[in-house]
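What follows is the content of target-v3.txt (compact mmCIF, N, CA and C atoms and all ligand atoms).
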# COMPACT_ATOMS: atom_id res chain seq x y z
N MET A 1 2.44 -7.83 -13.38
CA MET A 1 3.22 -6.84 -14.11
C MET A 1 2.68 -6.61 -15.52
N THR A 2 1.93 -7.59 -16.04
CA THR A 2 1.42 -7.43 -17.41
C THR A 2 0.04 -6.77 -17.42
N ARG A 3 -0.56 -6.54 -16.25
CA ARG A 3 -1.91 -5.95 -16.23
C ARG A 3 -1.84 -4.46 -16.53
N SER A 4 -2.67 -4.03 -17.46
CA SER A 4 -2.63 -2.61 -17.84
C SER A 4 -3.27 -1.74 -16.77
N ASP A 5 -4.05 -2.33 -15.87
CA ASP A 5 -4.70 -1.53 -14.82
C ASP A 5 -3.89 -1.55 -13.52
N ALA A 6 -2.62 -1.93 -13.59
CA ALA A 6 -1.82 -2.03 -12.36
C ALA A 6 -0.71 -0.99 -12.36
N VAL A 7 -0.34 -0.55 -11.15
CA VAL A 7 0.88 0.25 -10.96
C VAL A 7 1.81 -0.60 -10.11
N PHE A 8 2.99 -0.87 -10.63
CA PHE A 8 3.97 -1.71 -9.93
C PHE A 8 5.24 -0.90 -9.76
N LEU A 9 5.65 -0.68 -8.51
CA LEU A 9 6.86 0.11 -8.22
C LEU A 9 7.90 -0.78 -7.57
N VAL A 10 9.14 -0.58 -7.94
CA VAL A 10 10.24 -1.34 -7.34
C VAL A 10 11.29 -0.34 -6.85
N ALA A 11 11.75 -0.52 -5.62
CA ALA A 11 12.85 0.31 -5.10
C ALA A 11 14.11 -0.55 -5.11
N HIS A 12 15.24 0.08 -5.49
CA HIS A 12 16.48 -0.70 -5.49
C HIS A 12 17.67 0.17 -5.10
N GLU A 13 18.69 -0.50 -4.64
CA GLU A 13 19.96 0.15 -4.33
C GLU A 13 20.63 0.58 -5.64
N PRO A 14 21.61 1.51 -5.57
CA PRO A 14 22.36 1.86 -6.79
C PRO A 14 22.94 0.62 -7.49
N SER A 15 23.24 -0.41 -6.70
CA SER A 15 23.79 -1.64 -7.28
C SER A 15 22.76 -2.44 -8.05
N GLY A 16 21.48 -2.08 -7.89
CA GLY A 16 20.43 -2.84 -8.56
C GLY A 16 19.72 -3.82 -7.63
N VAL A 17 20.23 -4.02 -6.42
CA VAL A 17 19.59 -4.95 -5.49
C VAL A 17 18.24 -4.38 -5.07
N VAL A 18 17.19 -5.18 -5.27
CA VAL A 18 15.84 -4.73 -4.96
C VAL A 18 15.62 -4.73 -3.44
N THR A 19 15.06 -3.61 -2.93
CA THR A 19 14.82 -3.51 -1.49
C THR A 19 13.33 -3.46 -1.14
N ALA A 20 12.47 -3.18 -2.11
CA ALA A 20 11.04 -3.06 -1.79
C ALA A 20 10.22 -3.04 -3.07
N PHE A 21 8.92 -3.36 -2.93
CA PHE A 21 8.02 -3.20 -4.06
C PHE A 21 6.63 -2.83 -3.56
N ALA A 22 5.85 -2.27 -4.47
CA ALA A 22 4.45 -1.95 -4.17
C ALA A 22 3.63 -2.20 -5.42
N LEU A 23 2.41 -2.70 -5.23
CA LEU A 23 1.53 -3.05 -6.36
C LEU A 23 0.12 -2.59 -6.05
N THR A 24 -0.46 -1.84 -7.00
CA THR A 24 -1.85 -1.39 -6.85
C THR A 24 -2.64 -1.77 -8.10
N TYR A 25 -3.85 -2.29 -7.88
CA TYR A 25 -4.78 -2.55 -8.97
C TYR A 25 -5.74 -1.38 -9.06
N LEU A 26 -5.70 -0.67 -10.18
CA LEU A 26 -6.48 0.56 -10.31
C LEU A 26 -7.96 0.31 -10.52
N ALA A 27 -8.32 -0.72 -11.29
CA ALA A 27 -9.71 -0.90 -11.72
C ALA A 27 -10.55 -1.68 -10.71
N GLN A 28 -10.02 -1.87 -9.52
CA GLN A 28 -10.77 -2.60 -8.47
C GLN A 28 -11.97 -1.77 -8.02
N GLU A 29 -13.07 -2.41 -7.67
CA GLU A 29 -14.21 -1.68 -7.12
C GLU A 29 -14.12 -1.69 -5.60
N PRO A 30 -14.49 -0.60 -4.93
CA PRO A 30 -15.01 0.65 -5.47
C PRO A 30 -13.93 1.67 -5.83
N GLU A 31 -12.65 1.32 -5.62
CA GLU A 31 -11.57 2.28 -5.87
C GLU A 31 -10.26 1.49 -5.94
N PRO A 32 -9.16 2.13 -6.34
CA PRO A 32 -7.89 1.42 -6.44
C PRO A 32 -7.52 0.71 -5.13
N TRP A 33 -6.91 -0.46 -5.30
CA TRP A 33 -6.59 -1.34 -4.17
C TRP A 33 -5.09 -1.58 -4.14
N LEU A 34 -4.45 -1.15 -3.06
CA LEU A 34 -3.03 -1.43 -2.90
C LEU A 34 -2.91 -2.88 -2.42
N GLU A 35 -2.49 -3.74 -3.31
CA GLU A 35 -2.46 -5.18 -3.06
C GLU A 35 -1.27 -5.57 -2.18
N SER A 36 -0.12 -4.91 -2.42
CA SER A 36 1.10 -5.30 -1.71
C SER A 36 2.03 -4.11 -1.50
N LEU A 37 2.62 -4.09 -0.32
CA LEU A 37 3.75 -3.19 -0.05
C LEU A 37 4.69 -3.98 0.84
N HIS A 38 5.90 -4.15 0.38
CA HIS A 38 6.84 -4.96 1.16
C HIS A 38 8.24 -4.39 1.04
N VAL A 39 8.88 -4.24 2.19
CA VAL A 39 10.26 -3.76 2.25
C VAL A 39 11.09 -4.90 2.84
N VAL A 40 12.21 -5.24 2.25
CA VAL A 40 13.04 -6.33 2.80
C VAL A 40 13.46 -5.95 4.23
N SER A 41 13.59 -6.95 5.09
CA SER A 41 13.74 -6.66 6.52
C SER A 41 14.94 -5.75 6.81
N GLU A 42 16.06 -5.92 6.09
CA GLU A 42 17.27 -5.12 6.38
C GLU A 42 17.07 -3.65 6.03
N SER A 43 16.07 -3.34 5.22
CA SER A 43 15.88 -1.95 4.77
C SER A 43 14.71 -1.26 5.47
N ARG A 44 14.05 -1.94 6.40
CA ARG A 44 12.88 -1.33 7.05
C ARG A 44 13.30 -0.22 8.00
N GLY A 45 12.40 0.75 8.16
CA GLY A 45 12.63 1.83 9.11
C GLY A 45 13.54 2.93 8.56
N SER A 46 13.84 2.88 7.27
CA SER A 46 14.73 3.91 6.72
C SER A 46 14.02 4.79 5.69
N GLY A 47 12.69 4.69 5.62
CA GLY A 47 11.93 5.62 4.77
C GLY A 47 11.53 5.08 3.41
N VAL A 48 11.95 3.86 3.08
CA VAL A 48 11.62 3.32 1.75
C VAL A 48 10.11 3.10 1.60
N GLY A 49 9.48 2.58 2.65
CA GLY A 49 8.03 2.34 2.59
C GLY A 49 7.26 3.64 2.40
N THR A 50 7.67 4.67 3.13
CA THR A 50 7.02 5.98 3.00
C THR A 50 7.20 6.52 1.58
N LEU A 51 8.40 6.41 1.05
CA LEU A 51 8.67 6.89 -0.30
C LEU A 51 7.79 6.15 -1.32
N LEU A 52 7.68 4.84 -1.17
CA LEU A 52 6.85 4.07 -2.10
C LEU A 52 5.38 4.46 -1.98
N MET A 53 4.90 4.68 -0.76
CA MET A 53 3.49 5.09 -0.58
C MET A 53 3.23 6.43 -1.24
N ARG A 54 4.15 7.38 -1.05
CA ARG A 54 3.96 8.72 -1.64
C ARG A 54 4.03 8.64 -3.17
N THR A 55 4.99 7.87 -3.67
CA THR A 55 5.11 7.73 -5.12
C THR A 55 3.89 7.02 -5.68
N MET A 56 3.40 6.00 -4.98
CA MET A 56 2.21 5.30 -5.44
C MET A 56 1.02 6.25 -5.53
N ALA A 57 0.83 7.08 -4.49
CA ALA A 57 -0.29 8.02 -4.50
C ALA A 57 -0.19 8.94 -5.71
N SER A 58 1.01 9.40 -6.00
CA SER A 58 1.22 10.29 -7.13
C SER A 58 0.92 9.58 -8.46
N ARG A 59 1.36 8.33 -8.60
CA ARG A 59 1.12 7.57 -9.85
C ARG A 59 -0.36 7.24 -10.01
N VAL A 60 -1.02 6.91 -8.91
CA VAL A 60 -2.46 6.61 -8.98
C VAL A 60 -3.22 7.86 -9.43
N ARG A 61 -2.84 9.01 -8.90
CA ARG A 61 -3.49 10.27 -9.31
C ARG A 61 -3.21 10.55 -10.79
N ALA A 62 -1.99 10.28 -11.22
CA ALA A 62 -1.64 10.53 -12.63
C ALA A 62 -2.45 9.65 -13.57
N ARG A 63 -2.98 8.54 -13.05
CA ARG A 63 -3.81 7.65 -13.88
C ARG A 63 -5.29 7.99 -13.76
N GLY A 64 -5.61 9.09 -13.08
CA GLY A 64 -6.99 9.57 -13.07
C GLY A 64 -7.83 9.16 -11.88
N TYR A 65 -7.21 8.65 -10.83
CA TYR A 65 -7.94 8.26 -9.61
C TYR A 65 -7.45 9.15 -8.46
N ASN A 66 -8.30 9.33 -7.44
CA ASN A 66 -7.85 10.17 -6.33
C ASN A 66 -8.09 9.54 -4.97
N SER A 67 -8.38 8.24 -4.95
CA SER A 67 -8.55 7.56 -3.66
C SER A 67 -7.94 6.17 -3.77
N MET A 68 -7.74 5.55 -2.61
CA MET A 68 -7.09 4.24 -2.60
C MET A 68 -7.45 3.55 -1.29
N ARG A 69 -7.46 2.22 -1.33
CA ARG A 69 -7.64 1.47 -0.08
C ARG A 69 -6.72 0.26 -0.05
N LEU A 70 -6.57 -0.31 1.11
CA LEU A 70 -5.73 -1.50 1.27
C LEU A 70 -6.18 -2.26 2.51
N GLY A 71 -5.71 -3.49 2.65
CA GLY A 71 -6.03 -4.30 3.82
C GLY A 71 -4.77 -4.64 4.58
N VAL A 72 -4.80 -4.40 5.89
CA VAL A 72 -3.69 -4.79 6.77
C VAL A 72 -4.17 -6.00 7.56
N VAL A 73 -3.36 -7.06 7.60
CA VAL A 73 -3.76 -8.22 8.39
C VAL A 73 -3.99 -7.78 9.83
N ALA A 74 -5.18 -8.08 10.35
CA ALA A 74 -5.53 -7.64 11.71
C ALA A 74 -4.46 -8.12 12.68
N GLY A 75 -3.97 -7.21 13.51
CA GLY A 75 -2.92 -7.56 14.46
C GLY A 75 -1.55 -7.05 14.05
N ASN A 76 -1.38 -6.62 12.81
CA ASN A 76 -0.09 -6.07 12.35
C ASN A 76 -0.04 -4.59 12.77
N ALA A 77 0.17 -4.39 14.09
CA ALA A 77 0.05 -3.04 14.66
C ALA A 77 1.07 -2.08 14.08
N ALA A 78 2.28 -2.56 13.78
CA ALA A 78 3.31 -1.66 13.24
C ALA A 78 2.89 -1.14 11.87
N ALA A 79 2.32 -2.03 11.05
CA ALA A 79 1.86 -1.59 9.72
C ALA A 79 0.69 -0.63 9.86
N SER A 80 -0.23 -0.90 10.79
CA SER A 80 -1.37 0.01 10.99
C SER A 80 -0.89 1.40 11.38
N ARG A 81 0.08 1.48 12.28
CA ARG A 81 0.62 2.79 12.68
C ARG A 81 1.25 3.50 11.49
N PHE A 82 1.97 2.72 10.70
CA PHE A 82 2.63 3.26 9.50
C PHE A 82 1.59 3.92 8.58
N TYR A 83 0.49 3.23 8.30
CA TYR A 83 -0.52 3.78 7.38
C TYR A 83 -1.28 4.95 8.01
N GLU A 84 -1.51 4.87 9.33
CA GLU A 84 -2.20 5.99 9.98
C GLU A 84 -1.35 7.25 9.92
N ARG A 85 -0.05 7.08 10.11
CA ARG A 85 0.83 8.25 10.05
C ARG A 85 0.84 8.87 8.65
N LEU A 86 0.56 8.05 7.65
CA LEU A 86 0.51 8.56 6.28
C LEU A 86 -0.89 9.05 5.89
N GLY A 87 -1.78 9.15 6.89
CA GLY A 87 -3.10 9.73 6.63
C GLY A 87 -4.20 8.73 6.33
N GLY A 88 -3.90 7.44 6.38
CA GLY A 88 -4.93 6.44 6.13
C GLY A 88 -5.94 6.38 7.27
N GLU A 89 -7.22 6.13 6.91
CA GLU A 89 -8.27 6.02 7.93
C GLU A 89 -8.75 4.58 7.96
N MET A 90 -8.79 4.00 9.16
CA MET A 90 -9.32 2.64 9.30
C MET A 90 -10.84 2.71 9.17
N VAL A 91 -11.40 2.01 8.16
CA VAL A 91 -12.84 2.15 7.90
C VAL A 91 -13.61 0.85 8.12
N GLY A 92 -12.93 -0.21 8.53
CA GLY A 92 -13.68 -1.43 8.80
C GLY A 92 -12.81 -2.67 8.76
N LEU A 93 -13.46 -3.79 9.00
CA LEU A 93 -12.79 -5.09 8.99
C LEU A 93 -13.47 -5.97 7.95
N GLU A 94 -12.71 -6.77 7.21
CA GLU A 94 -13.34 -7.71 6.28
C GLU A 94 -12.51 -8.97 6.20
N PRO A 95 -13.12 -10.10 5.87
CA PRO A 95 -12.34 -11.33 5.75
C PRO A 95 -11.39 -11.23 4.56
N ALA A 96 -10.16 -11.70 4.73
CA ALA A 96 -9.20 -11.69 3.62
C ALA A 96 -9.61 -12.76 2.62
N SER A 97 -9.40 -12.46 1.32
CA SER A 97 -9.84 -13.40 0.29
C SER A 97 -8.88 -14.59 0.17
N TRP A 98 -7.64 -14.42 0.68
CA TRP A 98 -6.62 -15.41 0.37
C TRP A 98 -6.41 -16.48 1.45
N ALA A 99 -7.12 -16.37 2.61
CA ALA A 99 -6.97 -17.42 3.63
C ALA A 99 -8.18 -17.41 4.56
N PRO A 100 -8.74 -18.59 4.85
CA PRO A 100 -9.89 -18.63 5.75
C PRO A 100 -9.49 -18.21 7.17
N GLY A 101 -10.33 -17.44 7.84
CA GLY A 101 -10.07 -17.07 9.23
C GLY A 101 -9.16 -15.86 9.39
N VAL A 102 -8.64 -15.32 8.27
CA VAL A 102 -7.78 -14.14 8.36
C VAL A 102 -8.62 -12.90 8.06
N TRP A 103 -8.46 -11.87 8.89
CA TRP A 103 -9.22 -10.63 8.70
C TRP A 103 -8.30 -9.49 8.33
N HIS A 104 -8.84 -8.60 7.52
CA HIS A 104 -8.14 -7.38 7.12
C HIS A 104 -8.73 -6.17 7.83
N GLU A 105 -7.88 -5.29 8.32
CA GLU A 105 -8.34 -3.95 8.67
C GLU A 105 -8.25 -3.15 7.37
N LEU A 106 -9.36 -2.55 7.00
CA LEU A 106 -9.40 -1.76 5.76
C LEU A 106 -8.94 -0.34 6.04
N TYR A 107 -7.93 0.10 5.32
CA TYR A 107 -7.48 1.49 5.42
C TYR A 107 -7.79 2.19 4.11
N ARG A 108 -8.14 3.47 4.24
CA ARG A 108 -8.61 4.20 3.07
C ARG A 108 -8.05 5.62 3.06
N TRP A 109 -7.71 6.08 1.86
CA TRP A 109 -7.36 7.49 1.62
C TRP A 109 -8.45 8.03 0.69
N PRO A 110 -9.41 8.80 1.24
CA PRO A 110 -10.47 9.30 0.38
C PRO A 110 -9.99 10.37 -0.59
N ASP A 111 -8.86 10.99 -0.26
CA ASP A 111 -8.29 12.03 -1.12
C ASP A 111 -6.76 11.89 -1.06
N LEU A 112 -6.16 11.53 -2.18
CA LEU A 112 -4.72 11.23 -2.19
C LEU A 112 -3.84 12.47 -2.35
N THR A 113 -4.45 13.64 -2.42
CA THR A 113 -3.67 14.84 -2.72
C THR A 113 -2.51 15.03 -1.73
N ALA A 114 -2.80 14.97 -0.43
CA ALA A 114 -1.77 15.24 0.57
C ALA A 114 -0.68 14.16 0.55
N LEU A 115 -1.08 12.90 0.42
CA LEU A 115 -0.08 11.82 0.42
C LEU A 115 0.83 11.95 -0.80
N ALA A 116 0.25 12.34 -1.93
CA ALA A 116 1.06 12.46 -3.16
C ALA A 116 2.04 13.64 -3.06
N GLY A 117 1.69 14.63 -2.24
CA GLY A 117 2.60 15.76 -2.00
C GLY A 117 2.71 16.72 -3.17
C1 LIG B 1 5.34 -1.76 6.94
C2 LIG B 1 6.47 -1.43 5.96
C3 LIG B 1 5.96 -1.47 4.53
C4 LIG B 1 6.98 -0.01 6.27
O1 LIG B 1 8.06 0.29 5.41
P1 LIG B 1 9.41 0.95 6.01
O2 LIG B 1 10.31 1.29 4.88
O3 LIG B 1 9.93 0.11 7.09
O4 LIG B 1 8.75 2.28 6.64
P2 LIG B 1 9.43 3.69 6.86
O5 LIG B 1 10.88 3.55 7.12
O6 LIG B 1 9.00 4.60 5.76
O7 LIG B 1 8.66 4.14 8.16
C5 LIG B 1 9.00 3.49 9.39
C6 LIG B 1 7.75 3.16 10.12
O8 LIG B 1 7.19 1.95 9.61
C7 LIG B 1 6.62 1.20 10.67
N1 LIG B 1 7.01 -0.19 10.58
C8 LIG B 1 6.15 -1.19 10.40
N2 LIG B 1 6.78 -2.36 10.39
C9 LIG B 1 8.10 -2.09 10.57
C10 LIG B 1 9.26 -2.88 10.68
N3 LIG B 1 9.19 -4.22 10.58
N4 LIG B 1 10.46 -2.28 10.86
C11 LIG B 1 10.54 -0.92 10.96
N5 LIG B 1 9.45 -0.11 10.87
C12 LIG B 1 8.25 -0.70 10.69
C13 LIG B 1 7.03 1.82 11.96
O9 LIG B 1 5.84 2.39 12.49
C14 LIG B 1 8.02 2.89 11.60
O10 LIG B 1 7.67 4.01 12.34
P3 LIG B 1 8.68 4.57 13.45
O11 LIG B 1 9.84 5.10 12.66
O12 LIG B 1 7.85 5.60 14.12
O13 LIG B 1 9.02 3.40 14.28
C15 LIG B 1 7.67 -2.41 6.10
O14 LIG B 1 8.18 -2.33 7.40
C16 LIG B 1 7.35 -3.86 5.77
O15 LIG B 1 7.48 -4.28 4.62
N6 LIG B 1 6.94 -4.65 6.78
C17 LIG B 1 6.66 -6.06 6.60
C18 LIG B 1 5.54 -6.32 5.63
C19 LIG B 1 4.28 -5.62 6.04
O16 LIG B 1 3.87 -5.65 7.20
N7 LIG B 1 3.67 -4.97 5.02
C20 LIG B 1 2.42 -4.28 5.19
C21 LIG B 1 1.35 -5.23 4.86
S1 LIG B 1 -0.15 -4.38 4.55
Could I get this file's structure written as structure tokens?
Ligand SMILES: CC(C)(COP(=O)(O)OP(=O)(O)OC[C@H]1O[C@@H](n2cnc3c(N)ncnc32)[C@H](O)[C@@H]1OP(=O)(O)O)[C@@H](O)C(=O)NCCC(=O)NCCS
Amino acid sequence: MTRSDAVFLVAHEPSGVVTAFALTYLAQEPEPWLESLHVVSESRGSGVGTLLMRTMASRVRARGYNSMRLGVVAGNAAASRFYERLGGEMVGLEPASWAPGVWHELYRWPDLTALAG
């Protein structure tokens, strides 16, 4: 939250209860990296994740970038479908940095214009 090159979004109920968050590091090479997107289990499937992705695309563009990538743990088919429906393209597989033996499917938005709306 203290990094100046990060965009951190939080979704919450009117009561203030947090239901989701998203975090992107803008200065990552070769382009901004969506590090995390998480919706609490009771709130999934109601559009919060889509709203955060669209808002993130808009904020990333407002900071002067027009592309983004992220890693989905290989085998998380529901998340892969979610990103594909939002226009993400699967561009490869790479080992995850945070655990040995875990692979990421790399998803990429070469142009965030449509996602940002
Ligand atoms: C993937 C995730 C961010 C989507 O957010 P969401 O608010 O549930 O998504 P939306 O309501 O905007 O869209 C629903 C779509 O998300 C997908 N989805 C993925 N995981 C889901 C889940 N556990 N429950 C419901 N939908 C899920 C479905 O494809 C669903 O599409 P459908 O309506 O055609 O079934 C969210 O479900 C989540 O946090 N999952 C667990 C953590 C995770 O896998 N994060 C991604 C890591 S890269």
Return as CSV the residues of range 26-86 of chain A lying at most 7 Å from range 102-117 of chain A, together with the closest atom-to-atom pair for each and the distance in Å to one decimal, counting only N, CA and C atoms, with rows in chain order and ascending residue number.
residue,atom,partner,partner_atom,distance
A:Met53,C,A:Leu115,C,6.0
A:Arg54,CA,A:Leu115,C,4.6
A:Thr55,N,A:Ala116,CA,6.1
A:Met56,C,A:Ala116,CA,6.6
A:Ala57,C,A:Ala116,CA,4.5
A:Ser58,N,A:Ala116,CA,4.2
A:Arg59,N,A:Ala116,CA,6.8
A:Tyr65,C,A:Leu112,N,6.8
A:Asn66,C,A:Leu112,N,3.9
A:Ser67,CA,A:Trp109,C,4.4
A:Met68,C,A:Trp109,N,4.0
A:Arg69,CA,A:Tyr107,C,4.3
A:Leu70,C,A:Tyr107,N,4.1
A:Gly71,CA,A:Glu105,C,4.3
A:Val72,C,A:Glu105,N,3.9
A:Val73,CA,A:His104,CA,4.6
A:Ala74,N,A:Trp103,C,4.0
A:Gly75,N,A:Glu105,N,6.8
A:Leu86,C,A:Leu115,CA,6.2
Site check for ligand LIG 1 (chain B): residues at most 8 Å away, all atoms listed in the file, as an MDAnalysis selection string
chainID A and resid 20:21 34:41 43:53 70:73 76:83 85
Among listed residues A:Ala6, A:Ala62, A:Ala11, A:Leu93, nearest Tyr25 in chain A (using only N, CA and C atoms)
A:Ala6
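Separating CA of Glu29 in chain A from CA of Thr2 in chain A is a distance of 19.6 Å.
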What residues in range 20-79 of chain A get the DSSP label helix (DSSP H, G or I)? Please answer as a VMD selection string.
chain A and resid 41 to 43 48 to 62 77 to 79
Within 8 Å of Leu26 in chain A, counting only C-alpha atoms, which residues show up once you throw out same-chain ones fewer than 3 positions away? Write them as a list of chain:residue names, please.
A:Asp5, A:Ala6, A:Val7, A:Glu31, A:Pro32, A:Trp33, A:Val60, A:Tyr65
Padding 8 Å on each side, edges along x, y and z: where is the centre of the box around the listed atoms of range 81-97 of chain A, and how long are its edges in Å to one decimal? Output it as AutoDock Vina command-line options.
--center_x -5.5 --center_y -2.4 --center_z 6.4 --size_x 32.3 --size_y 40.3 --size_z 28.5
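Distance-wise, atom C of Leu23 in chain A and atom C of Phe8 in chain A end up 6.5 Å apart.
One distance worth recording is that between atom C of Met90 in chain A and atom C of Arg3 in chain A, which is 28.2 Å.
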Among chain A, which residues carry a DSSP assignment of strand (DSSP E or B), reported as a PyMOL selection string?
chain A and resi 6-12+18-25+33-39+68-73+89-95+103-109
Write out the residues from the selection above, keeping N, CA and C atoms, as a short mmCIF file (atom, residue, chain, number, x, y, z; two decimals), in the coordinates of the input.
data_model
loop_
_atom_site.label_atom_id
_atom_site.label_comp_id
_atom_site.auth_asym_id
_atom_site.auth_seq_id
_atom_site.Cartn_x
_atom_site.Cartn_y
_atom_site.Cartn_z
N ALA A 6 -2.62 -1.93 -13.59
CA ALA A 6 -1.82 -2.03 -12.36
C ALA A 6 -0.71 -0.99 -12.36
N VAL A 7 -0.34 -0.55 -11.15
CA VAL A 7 0.88 0.25 -10.96
C VAL A 7 1.81 -0.60 -10.11
N PHE A 8 2.99 -0.87 -10.63
CA PHE A 8 3.97 -1.71 -9.93
C PHE A 8 5.24 -0.90 -9.76
N LEU A 9 5.65 -0.68 -8.51
CA LEU A 9 6.86 0.11 -8.22
C LEU A 9 7.90 -0.78 -7.57
N VAL A 10 9.14 -0.58 -7.94
CA VAL A 10 10.24 -1.34 -7.34
C VAL A 10 11.29 -0.34 -6.85
N ALA A 11 11.75 -0.52 -5.62
CA ALA A 11 12.85 0.31 -5.10
C ALA A 11 14.11 -0.55 -5.11
N HIS A 12 15.24 0.08 -5.49
CA HIS A 12 16.48 -0.70 -5.49
C HIS A 12 17.67 0.17 -5.10
N VAL A 18 17.19 -5.18 -5.27
CA VAL A 18 15.84 -4.73 -4.96
C VAL A 18 15.62 -4.73 -3.44
N THR A 19 15.06 -3.61 -2.93
CA THR A 19 14.82 -3.51 -1.49
C THR A 19 13.33 -3.46 -1.14
N ALA A 20 12.47 -3.18 -2.11
CA ALA A 20 11.04 -3.06 -1.79
C ALA A 20 10.22 -3.04 -3.07
N PHE A 21 8.92 -3.36 -2.93
CA PHE A 21 8.02 -3.20 -4.06
C PHE A 21 6.63 -2.83 -3.56
N ALA A 22 5.85 -2.27 -4.47
CA ALA A 22 4.45 -1.95 -4.17
C ALA A 22 3.63 -2.20 -5.42
N LEU A 23 2.41 -2.70 -5.23
CA LEU A 23 1.53 -3.05 -6.36
C LEU A 23 0.12 -2.59 -6.05
N THR A 24 -0.46 -1.84 -7.00
CA THR A 24 -1.85 -1.39 -6.85
C THR A 24 -2.64 -1.77 -8.10
N TYR A 25 -3.85 -2.29 -7.88
CA TYR A 25 -4.78 -2.55 -8.97
C TYR A 25 -5.74 -1.38 -9.06
N TRP A 33 -6.91 -0.46 -5.30
CA TRP A 33 -6.59 -1.34 -4.17
C TRP A 33 -5.09 -1.58 -4.14
N LEU A 34 -4.45 -1.15 -3.06
CA LEU A 34 -3.03 -1.43 -2.90
C LEU A 34 -2.91 -2.88 -2.42
N GLU A 35 -2.49 -3.74 -3.31
CA GLU A 35 -2.46 -5.18 -3.06
C GLU A 35 -1.27 -5.57 -2.18
N SER A 36 -0.12 -4.91 -2.42
CA SER A 36 1.10 -5.30 -1.71
C SER A 36 2.03 -4.11 -1.50
N LEU A 37 2.62 -4.09 -0.32
CA LEU A 37 3.75 -3.19 -0.05
C LEU A 37 4.69 -3.98 0.84
N HIS A 38 5.90 -4.15 0.38
CA HIS A 38 6.84 -4.96 1.16
C HIS A 38 8.24 -4.39 1.04
N VAL A 39 8.88 -4.24 2.19
CA VAL A 39 10.26 -3.76 2.25
C VAL A 39 11.09 -4.90 2.84
N MET A 68 -7.74 5.55 -2.61
CA MET A 68 -7.09 4.24 -2.60
C MET A 68 -7.45 3.55 -1.29
N ARG A 69 -7.46 2.22 -1.33
CA ARG A 69 -7.64 1.47 -0.08
C ARG A 69 -6.72 0.26 -0.05
N LEU A 70 -6.57 -0.31 1.11
CA LEU A 70 -5.73 -1.50 1.27
C LEU A 70 -6.18 -2.26 2.51
N GLY A 71 -5.71 -3.49 2.65
CA GLY A 71 -6.03 -4.30 3.82
C GLY A 71 -4.77 -4.64 4.58
N VAL A 72 -4.80 -4.40 5.89
CA VAL A 72 -3.69 -4.79 6.77
C VAL A 72 -4.17 -6.00 7.56
N VAL A 73 -3.36 -7.06 7.60
CA VAL A 73 -3.76 -8.22 8.39
C VAL A 73 -3.99 -7.78 9.83
N GLU A 89 -7.22 6.13 6.91
CA GLU A 89 -8.27 6.02 7.93
C GLU A 89 -8.75 4.58 7.96
N MET A 90 -8.79 4.00 9.16
CA MET A 90 -9.32 2.64 9.30
C MET A 90 -10.84 2.71 9.17
N VAL A 91 -11.40 2.01 8.16
CA VAL A 91 -12.84 2.15 7.90
C VAL A 91 -13.61 0.85 8.12
N GLY A 92 -12.93 -0.21 8.53
CA GLY A 92 -13.68 -1.43 8.80
C GLY A 92 -12.81 -2.67 8.76
N LEU A 93 -13.46 -3.79 9.00
CA LEU A 93 -12.79 -5.09 8.99
C LEU A 93 -13.47 -5.97 7.95
N GLU A 94 -12.71 -6.77 7.21
CA GLU A 94 -13.34 -7.71 6.28
C GLU A 94 -12.51 -8.97 6.20
N PRO A 95 -13.12 -10.10 5.87
CA PRO A 95 -12.34 -11.33 5.75
C PRO A 95 -11.39 -11.23 4.56
N TRP A 103 -8.46 -11.87 8.89
CA TRP A 103 -9.22 -10.63 8.70
C TRP A 103 -8.30 -9.49 8.33
N HIS A 104 -8.84 -8.60 7.52
CA HIS A 104 -8.14 -7.38 7.12
C HIS A 104 -8.73 -6.17 7.83
N GLU A 105 -7.88 -5.29 8.32
CA GLU A 105 -8.34 -3.95 8.67
C GLU A 105 -8.25 -3.15 7.37
N LEU A 106 -9.36 -2.55 7.00
CA LEU A 106 -9.40 -1.76 5.76
C LEU A 106 -8.94 -0.34 6.04
N TYR A 107 -7.93 0.10 5.32
CA TYR A 107 -7.48 1.49 5.42
C TYR A 107 -7.79 2.19 4.11
N ARG A 108 -8.14 3.47 4.24
CA ARG A 108 -8.61 4.20 3.07
C ARG A 108 -8.05 5.62 3.06
N TRP A 109 -7.71 6.08 1.86
CA TRP A 109 -7.36 7.49 1.62
C TRP A 109 -8.45 8.03 0.69
#
